[in-house]
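Trainee: Structure file my_file_7.pdb, PDB, C-alpha atoms, is pasted below:
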```
ATOM      1  CA  MET B  18     -99.494   3.185  11.475
ATOM      2  CA  SER B  19    -103.198   2.913  12.125
ATOM      3  CA  LEU B  20    -106.124   5.141  11.420
ATOM      4  CA  THR B  21    -108.120   5.934  14.525
ATOM      5  CA  ARG B  22    -110.768   8.457  15.266
ATOM      6  CA  GLU B  23    -109.594  11.082  17.702
ATOM      7  CA  PRO B  24    -111.600  14.067  18.810
ATOM      8  CA  SER B  25    -110.772  17.240  16.944
ATOM      9  CA  PRO B  26    -110.660  20.708  18.487
ATOM     10  CA  ALA B  27    -114.303  21.030  17.514
ATOM     11  CA  VAL B  28    -115.418  18.467  20.107
ATOM     12  CA  ASP B  29    -118.018  20.780  21.464
ATOM     13  CA  ARG B  30    -119.861  20.597  18.140
ATOM     14  CA  GLY B  31    -119.717  16.769  18.122
ATOM     15  CA  VAL B  32    -117.461  16.550  15.049
ATOM     16  CA  THR B  33    -114.621  14.024  14.880
ATOM     17  CA  ALA B  34    -111.760  13.918  12.399
ATOM     18  CA  GLU B  35    -109.667  11.014  11.078
ATOM     19  CA  VAL B  36    -106.010  11.421  12.005
ATOM     20  CA  ASP B  37    -103.002   9.219  11.171
ATOM     21  CA  VAL B  38    -101.587   8.004  14.487
ATOM     22  CA  ASP B  39     -98.248   6.185  14.617
ATOM     23  CA  PRO B  40     -97.465   3.725  17.411
ATOM     24  CA  PRO B  41     -95.900   5.302  20.496
ATOM     25  CA  GLY B  42     -92.250   6.209  20.056
ATOM     26  CA  ALA B  43     -92.441   6.291  16.262
ATOM     27  CA  GLY B  44     -91.828  10.021  16.054
ATOM     28  CA  THR B  45     -94.030  12.547  14.406
ATOM     29  CA  PRO B  46     -97.128  11.455  12.540
ATOM     30  CA  SER B  47     -96.563  11.065   8.834
ATOM     31  CA  VAL B  48     -98.399  13.256   6.420
ATOM     32  CA  THR B  49     -99.452  11.545   3.253
ATOM     33  CA  SER B  50     -99.721  13.666   0.193
ATOM     34  CA  GLY B  51    -101.879  13.027  -2.838
ATOM     35  CA  PRO B  52    -101.018  10.528  -5.569
ATOM     36  CA  ALA B  53     -97.572  10.840  -7.127
ATOM     37  CA  ARG B  54     -97.625  13.078 -10.180
ATOM     38  CA  ARG B  55     -96.793  11.167 -13.343
ATOM     39  CA  ARG B  56     -94.445  12.697 -15.842
ATOM     40  CA  PRO B  57     -95.435  12.673 -19.499
ATOM     41  CA  TRP B  58     -93.584  10.116 -21.619
ATOM     42  CA  LYS B  59     -91.981  12.890 -23.664
ATOM     43  CA  THR B  60     -90.268  14.218 -20.543
ATOM     44  CA  ALA B  61     -89.030  10.749 -19.625
ATOM     45  CA  LEU B  62     -87.791  10.177 -23.185
ATOM     46  CA  ARG B  63     -85.971  13.509 -23.227
ATOM     47  CA  ARG B  64     -84.387  12.855 -19.833
ATOM     48  CA  ASP B  65     -83.453   9.185 -20.312
ATOM     49  CA  TRP B  66     -82.706   9.062 -24.050
ATOM     50  CA  PRO B  67     -79.324   7.292 -23.606
ATOM     51  CA  LEU B  68     -81.055   4.366 -21.883
ATOM     52  CA  TYR B  69     -83.665   4.113 -24.615
ATOM     53  CA  ALA B  70     -80.924   4.327 -27.259
ATOM     54  CA  MET B  71     -79.068   1.429 -25.617
ATOM     55  CA  ALA B  72     -82.281  -0.617 -25.434
ATOM     56  CA  LEU B  73     -83.004   0.019 -29.102
ATOM     57  CA  VAL B  74     -80.221  -2.271 -30.399
ATOM     58  CA  PRO B  75     -81.366  -5.429 -28.538
ATOM     59  CA  VAL B  76     -85.009  -4.740 -29.438
ATOM     60  CA  LEU B  77     -84.125  -4.397 -33.130
ATOM     61  CA  PHE B  78     -82.012  -7.560 -32.916
ATOM     62  CA  LEU B  79     -84.953  -9.415 -31.357
ATOM     63  CA  LEU B  80     -87.378  -8.200 -33.988
ATOM     64  CA  LEU B  81     -85.053  -8.874 -36.914
ATOM     65  CA  PHE B  82     -83.771 -12.324 -35.961
ATOM     66  CA  ARG B  83     -86.653 -13.751 -33.895
ATOM     67  CA  TYR B  84     -89.897 -12.328 -35.245
ATOM     68  CA  VAL B  85     -89.268 -11.590 -38.943
ATOM     69  CA  PRO B  86     -88.314 -15.233 -39.671
ATOM     70  CA  MET B  87     -91.694 -16.318 -38.286
ATOM     71  CA  LEU B  88     -93.276 -14.741 -41.348
ATOM     72  CA  GLY B  89     -91.816 -17.661 -43.290
ATOM     73  CA  ASN B  90     -94.018 -20.074 -41.325
ATOM     74  CA  VAL B  91     -96.852 -19.171 -43.671
ATOM     75  CA  ILE B  92     -95.096 -21.324 -46.287
ATOM     76  CA  ALA B  93     -96.529 -24.418 -44.557
ATOM     77  CA  PHE B  94    -100.024 -23.336 -45.573
ATOM     78  CA  ARG B  95     -99.337 -22.271 -49.185
ATOM     79  CA  ARG B  96     -98.459 -24.190 -52.358
ATOM     80  CA  PHE B  97     -94.815 -23.433 -53.139
ATOM     81  CA  ARG B  98     -93.518 -23.625 -56.673
ATOM     82  CA  PRO B  99     -89.813 -23.046 -57.420
ATOM     83  CA  GLY B 100     -89.289 -19.764 -59.216
ATOM     84  CA  GLY B 101     -92.480 -18.311 -57.781
ATOM     85  CA  SER B 102     -93.071 -16.131 -54.773
ATOM     86  CA  MET B 103     -91.402 -17.109 -51.496
ATOM     87  CA  PHE B 104     -94.818 -17.210 -49.838
ATOM     88  CA  GLY B 105     -96.418 -19.319 -52.577
ATOM     89  CA  GLU B 106     -99.287 -18.562 -54.900
ATOM     90  CA  GLU B 107    -102.211 -20.561 -53.556
ATOM     91  CA  TRP B 108    -103.515 -21.107 -50.021
ATOM     92  CA  VAL B 109    -103.810 -24.843 -49.253
ATOM     93  CA  GLY B 110    -104.540 -24.726 -45.510
ATOM     94  CA  PHE B 111    -103.662 -27.852 -43.564
ATOM     95  CA  ALA B 112    -103.235 -30.087 -46.640
ATOM     96  CA  TYR B 113     -99.462 -30.480 -46.238
ATOM     97  CA  ILE B 114     -99.766 -31.071 -42.500
ATOM     98  CA  GLU B 115    -102.399 -33.771 -43.070
ATOM     99  CA  LEU B 116    -100.168 -35.312 -45.749
ATOM    100  CA  PHE B 117     -97.244 -35.417 -43.301
ATOM    101  CA  ILE B 118     -99.266 -36.909 -40.430
ATOM    102  CA  ASN B 119    -100.881 -39.542 -42.668
ATOM    103  CA  ASP B 120     -97.517 -40.664 -44.034
ATOM    104  CA  PRO B 121     -96.705 -44.228 -42.858
ATOM    105  CA  THR B 122     -93.266 -43.241 -41.540
ATOM    106  CA  PHE B 123     -94.593 -40.324 -39.460
ATOM    107  CA  TRP B 124     -94.997 -42.281 -36.217
ATOM    108  CA  LYS B 125     -91.535 -43.859 -36.550
ATOM    109  CA  VAL B 126     -89.982 -40.415 -37.057
ATOM    110  CA  PHE B 127     -92.054 -39.024 -34.169
ATOM    111  CA  ALA B 128     -90.972 -41.861 -31.848
ATOM    112  CA  ASN B 129     -87.300 -41.427 -32.788
ATOM    113  CA  THR B 130     -87.534 -37.691 -32.092
ATOM    114  CA  ALA B 131     -89.236 -38.258 -28.732
ATOM    115  CA  ILE B 132     -86.652 -40.886 -27.708
ATOM    116  CA  LEU B 133     -83.702 -38.693 -28.693
ATOM    117  CA  GLY B 134     -85.228 -35.728 -26.869
ATOM    118  CA  GLY B 135     -85.808 -37.795 -23.741
ATOM    119  CA  LEU B 136     -82.294 -39.245 -23.772
ATOM    120  CA  THR B 137     -80.797 -35.799 -24.319
ATOM    121  CA  LEU B 138     -82.777 -34.475 -21.378
ATOM    122  CA  LEU B 139     -81.825 -37.439 -19.202
ATOM    123  CA  PHE B 140     -78.082 -37.443 -19.906
ATOM    124  CA  CYS B 141     -77.049 -34.029 -21.265
ATOM    125  CA  PHE B 142     -78.989 -31.868 -18.802
ATOM    126  CA  PRO B 143     -77.331 -33.113 -15.572
ATOM    127  CA  LEU B 144     -73.776 -33.369 -16.969
ATOM    128  CA  PRO B 145     -72.935 -29.630 -16.690
ATOM    129  CA  ILE B 146     -74.276 -29.621 -13.136
ATOM    130  CA  VAL B 147     -72.143 -32.642 -12.214
ATOM    131  CA  LEU B 148     -69.085 -30.987 -13.811
ATOM    132  CA  ALA B 149     -69.709 -27.771 -11.871
ATOM    133  CA  LEU B 150     -70.069 -29.652  -8.584
ATOM    134  CA  ALA B 151     -66.923 -31.671  -9.291
ATOM    135  CA  LEU B 152     -64.934 -28.547 -10.179
ATOM    136  CA  ASN B 153     -66.162 -26.889  -7.018
ATOM    137  CA  GLU B 154     -64.351 -29.591  -5.015
ATOM    138  CA  VAL B 155     -61.012 -29.109  -6.813
ATOM    139  CA  ARG B 156     -58.520 -27.315  -4.568
ATOM    140  CA  LYS B 157     -55.823 -26.408  -7.105
ATOM    141  CA  THR B 158     -56.909 -23.105  -8.649
ATOM    142  CA  ALA B 159     -54.712 -23.384 -11.751
ATOM    143  CA  PHE B 160     -56.101 -26.839 -12.593
ATOM    144  CA  LYS B 161     -59.687 -25.681 -11.952
ATOM    145  CA  ARG B 162     -59.295 -22.629 -14.227
ATOM    146  CA  THR B 163     -57.693 -24.725 -16.959
ATOM    147  CA  ILE B 164     -60.562 -27.240 -16.928
ATOM    148  CA  GLN B 165     -63.126 -24.410 -16.893
ATOM    149  CA  SER B 166     -61.467 -22.774 -19.901
ATOM    150  CA  ILE B 167     -61.275 -26.046 -21.821
ATOM    151  CA  SER B 168     -64.908 -26.870 -21.108
ATOM    152  CA  TYR B 169     -66.111 -23.400 -22.185
ATOM    153  CA  LEU B 170     -64.010 -23.215 -25.388
ATOM    154  CA  PRO B 171     -66.589 -25.016 -27.595
ATOM    155  CA  HIS B 172     -69.149 -22.302 -26.776
ATOM    156  CA  PHE B 173     -66.960 -19.673 -28.411
TER     157      PHE B 173
END
```
Would you kindly transcribe this structure into structure tokens?

Mentor:
Amino acid sequence: MSLTREPSPAVDRGVTAEVDVDPPGAGTPSVTSGPARRRPWKTALRRDWPLYAMALVPVLFLLLFRYVPMLGNVIAFRRFRPGGSMFGEEWVGFAYIELFINDPTFWKVFANTAILGGLTLLFCFPLPIVLALALNEVRKTAFKRTIQSISYLPHF
């Protein structure tokens, strides 16, 4: 659809109007109305409350088990004394982090962690893909399903 200027019935007065013109054979010209009217959120909530109710459980799960535990991260910046508050009494800032980084065994621990992470990525990441490709080539359905079940059992 293209916008072109075509003469209006008032050509004798020298006035032109903008008209939507579809390509030939496209049927009748389309009439575009104004912007779509938005419904208030209360109407949407009233109409779709079962969907919002179903979404509420995963959102609460996410908040409770993913975000609330992050409040405990403040413990790294406070002095903790057993028997005191969980969040500690006194703010120490980066003192414990500096203590950890300046420890002589820090770089050995860091290197071990990096090596283990790299080896895990190198060997454990492609193994499930190789297993899936190998199982895809197996023709006996009963054997394939048995191997799939055995390999998925540890996840349960």

Trainee: Just the number, please: distance in Å from CA of Thr137 in chain B to CA of Leu79 in chain B, one decimal.

Mentor: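 Here the two named atoms are 27.6 Å from each other.
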
Trainee: For Phe117 in chain B, which residue out of B:Gly101, B:Tyr84, B:Ile132, B:Ala93 is the nearest one, using all atoms listed in the file?

Mentor: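 Closest to Phe117 in chain B, using all atoms listed in the file: B:Ala93.
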
Trainee: CA of Ile118 in chain B and CA of Leu138 in chain B are how many Å apart?

Mentor: 25.3 Å

Trainee: I would like the residues chosen by the PyMOL selection byres ((chain B and resi 104) around 10) on the shown file; could you give them as an MDAnalysis selection string?

Mentor: chainID B and resid 88:98 101:103 105:108

Trainee: Can you write out the residues you just picked, keeping C-alpha atoms, as a PDB file, in the coordinates of the input?

Mentor:
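part.pdb written:
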```pdb
ATOM      1  CA  LEU B  88     -93.276 -14.741 -41.348  1.00  0.00           C
ATOM      2  CA  GLY B  89     -91.816 -17.661 -43.290  1.00  0.00           C
ATOM      3  CA  ASN B  90     -94.018 -20.074 -41.325  1.00  0.00           C
ATOM      4  CA  VAL B  91     -96.852 -19.171 -43.671  1.00  0.00           C
ATOM      5  CA  ILE B  92     -95.096 -21.324 -46.287  1.00  0.00           C
ATOM      6  CA  ALA B  93     -96.529 -24.418 -44.557  1.00  0.00           C
ATOM      7  CA  PHE B  94    -100.024 -23.336 -45.573  1.00  0.00           C
ATOM      8  CA  ARG B  95     -99.337 -22.271 -49.185  1.00  0.00           C
ATOM      9  CA  ARG B  96     -98.459 -24.190 -52.358  1.00  0.00           C
ATOM     10  CA  PHE B  97     -94.815 -23.433 -53.139  1.00  0.00           C
ATOM     11  CA  ARG B  98     -93.518 -23.625 -56.673  1.00  0.00           C
ATOM     12  CA  GLY B 101     -92.480 -18.311 -57.781  1.00  0.00           C
ATOM     13  CA  SER B 102     -93.071 -16.131 -54.773  1.00  0.00           C
ATOM     14  CA  MET B 103     -91.402 -17.109 -51.496  1.00  0.00           C
ATOM     15  CA  GLY B 105     -96.418 -19.319 -52.577  1.00  0.00           C
ATOM     16  CA  GLU B 106     -99.287 -18.562 -54.900  1.00  0.00           C
ATOM     17  CA  GLU B 107    -102.211 -20.561 -53.556  1.00  0.00           C
ATOM     18  CA  TRP B 108    -103.515 -21.107 -50.021  1.00  0.00           C
TER      19      TRP B 108
END
```

Trainee: What gap, in Å, lies between CA of Gln165 in chain B and CA of Gly135 in chain B?

Mentor: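 One can read the CA of Gln165 in chain B to CA of Gly135 in chain B distance as 27.2 Å.
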
Trainee: Is it possible to get the axis-aligned box enclosing range 138-148 of chain B (all listed atoms, 3 Å extra per side) as AutoDock Vina command-line options, with centre and edge lengths in Å rounded to one decimal?

Mentor:
```
--center_x -75.9 --center_y -33.5 --center_z -16.8 --size_x 19.7 --size_y 13.8 --size_z 15.2
```

Trainee: Kindly complete range 121-144 of chain B to N, CA and C atoms; the output should be written as a PDB file, in the frame of the given file.

Mentor:
```
ATOM      1  N   PRO B 121     -96.949 -43.043 -43.697  1.00  0.00           N
ATOM      2  CA  PRO B 121     -96.705 -44.228 -42.858  1.00  0.00           C
ATOM      3  C   PRO B 121     -95.465 -44.119 -41.969  1.00  0.00           C
ATOM      4  N   THR B 122     -94.481 -43.340 -42.354  1.00  0.00           N
ATOM      5  CA  THR B 122     -93.266 -43.241 -41.540  1.00  0.00           C
ATOM      6  C   THR B 122     -93.354 -42.150 -40.471  1.00  0.00           C
ATOM      7  N   PHE B 123     -94.473 -41.430 -40.409  1.00  0.00           N
ATOM      8  CA  PHE B 123     -94.593 -40.324 -39.460  1.00  0.00           C
ATOM      9  C   PHE B 123     -94.394 -40.795 -38.027  1.00  0.00           C
ATOM     10  N   TRP B 124     -95.070 -41.863 -37.614  1.00  0.00           N
ATOM     11  CA  TRP B 124     -94.997 -42.281 -36.217  1.00  0.00           C
ATOM     12  C   TRP B 124     -93.616 -42.810 -35.854  1.00  0.00           C
ATOM     13  N   LYS B 125     -92.907 -43.408 -36.812  1.00  0.00           N
ATOM     14  CA  LYS B 125     -91.535 -43.859 -36.550  1.00  0.00           C
ATOM     15  C   LYS B 125     -90.619 -42.646 -36.335  1.00  0.00           C
ATOM     16  N   VAL B 126     -90.775 -41.641 -37.192  1.00  0.00           N
ATOM     17  CA  VAL B 126     -89.982 -40.415 -37.057  1.00  0.00           C
ATOM     18  C   VAL B 126     -90.326 -39.713 -35.742  1.00  0.00           C
ATOM     19  N   PHE B 127     -91.610 -39.666 -35.406  1.00  0.00           N
ATOM     20  CA  PHE B 127     -92.054 -39.024 -34.169  1.00  0.00           C
ATOM     21  C   PHE B 127     -91.475 -39.745 -32.948  1.00  0.00           C
ATOM     22  N   ALA B 128     -91.513 -41.081 -32.970  1.00  0.00           N
ATOM     23  CA  ALA B 128     -90.972 -41.861 -31.848  1.00  0.00           C
ATOM     24  C   ALA B 128     -89.468 -41.657 -31.716  1.00  0.00           C
ATOM     25  N   ASN B 129     -88.750 -41.669 -32.839  1.00  0.00           N
ATOM     26  CA  ASN B 129     -87.300 -41.427 -32.788  1.00  0.00           C
ATOM     27  C   ASN B 129     -86.991 -40.051 -32.195  1.00  0.00           C
ATOM     28  N   THR B 130     -87.745 -39.040 -32.606  1.00  0.00           N
ATOM     29  CA  THR B 130     -87.534 -37.691 -32.092  1.00  0.00           C
ATOM     30  C   THR B 130     -87.809 -37.630 -30.596  1.00  0.00           C
ATOM     31  N   ALA B 131     -88.900 -38.266 -30.156  1.00  0.00           N
ATOM     32  CA  ALA B 131     -89.236 -38.258 -28.732  1.00  0.00           C
ATOM     33  C   ALA B 131     -88.179 -38.992 -27.909  1.00  0.00           C
ATOM     34  N   ILE B 132     -87.685 -40.130 -28.425  1.00  0.00           N
ATOM     35  CA  ILE B 132     -86.652 -40.886 -27.708  1.00  0.00           C
ATOM     36  C   ILE B 132     -85.357 -40.091 -27.613  1.00  0.00           C
ATOM     37  N   LEU B 133     -84.927 -39.496 -28.717  1.00  0.00           N
ATOM     38  CA  LEU B 133     -83.702 -38.693 -28.693  1.00  0.00           C
ATOM     39  C   LEU B 133     -83.842 -37.491 -27.758  1.00  0.00           C
ATOM     40  N   GLY B 134     -84.999 -36.854 -27.778  1.00  0.00           N
ATOM     41  CA  GLY B 134     -85.228 -35.728 -26.869  1.00  0.00           C
ATOM     42  C   GLY B 134     -85.197 -36.155 -25.418  1.00  0.00           C
ATOM     43  N   GLY B 135     -85.819 -37.291 -25.114  1.00  0.00           N
ATOM     44  CA  GLY B 135     -85.808 -37.795 -23.741  1.00  0.00           C
ATOM     45  C   GLY B 135     -84.416 -38.169 -23.274  1.00  0.00           C
ATOM     46  N   LEU B 136     -83.658 -38.870 -24.141  1.00  0.00           N
ATOM     47  CA  LEU B 136     -82.294 -39.245 -23.772  1.00  0.00           C
ATOM     48  C   LEU B 136     -81.390 -38.027 -23.607  1.00  0.00           C
ATOM     49  N   THR B 137     -81.573 -37.040 -24.462  1.00  0.00           N
ATOM     50  CA  THR B 137     -80.797 -35.799 -24.319  1.00  0.00           C
ATOM     51  C   THR B 137     -81.106 -35.122 -22.991  1.00  0.00           C
ATOM     52  N   LEU B 138     -82.380 -35.073 -22.650  1.00  0.00           N
ATOM     53  CA  LEU B 138     -82.777 -34.475 -21.378  1.00  0.00           C
ATOM     54  C   LEU B 138     -82.232 -35.267 -20.201  1.00  0.00           C
ATOM     55  N   LEU B 139     -82.257 -36.575 -20.298  1.00  0.00           N
ATOM     56  CA  LEU B 139     -81.825 -37.439 -19.202  1.00  0.00           C
ATOM     57  C   LEU B 139     -80.317 -37.379 -18.974  1.00  0.00           C
ATOM     58  N   PHE B 140     -79.530 -37.366 -20.062  1.00  0.00           N
ATOM     59  CA  PHE B 140     -78.082 -37.443 -19.906  1.00  0.00           C
ATOM     60  C   PHE B 140     -77.377 -36.098 -20.056  1.00  0.00           C
ATOM     61  N   CYS B 141     -77.778 -35.277 -20.995  1.00  0.00           N
ATOM     62  CA  CYS B 141     -77.049 -34.029 -21.265  1.00  0.00           C
ATOM     63  C   CYS B 141     -77.418 -32.902 -20.308  1.00  0.00           C
ATOM     64  N   PHE B 142     -78.596 -32.936 -19.726  1.00  0.00           N
ATOM     65  CA  PHE B 142     -78.989 -31.868 -18.802  1.00  0.00           C
ATOM     66  C   PHE B 142     -78.198 -31.924 -17.495  1.00  0.00           C
ATOM     67  N   PRO B 143     -78.045 -33.106 -16.854  1.00  0.00           N
ATOM     68  CA  PRO B 143     -77.331 -33.113 -15.572  1.00  0.00           C
ATOM     69  C   PRO B 143     -75.809 -33.046 -15.687  1.00  0.00           C
ATOM     70  N   LEU B 144     -75.242 -33.339 -16.852  1.00  0.00           N
ATOM     71  CA  LEU B 144     -73.776 -33.369 -16.969  1.00  0.00           C
ATOM     72  C   LEU B 144     -73.102 -32.040 -16.618  1.00  0.00           C
TER      73      LEU B 144
END
```
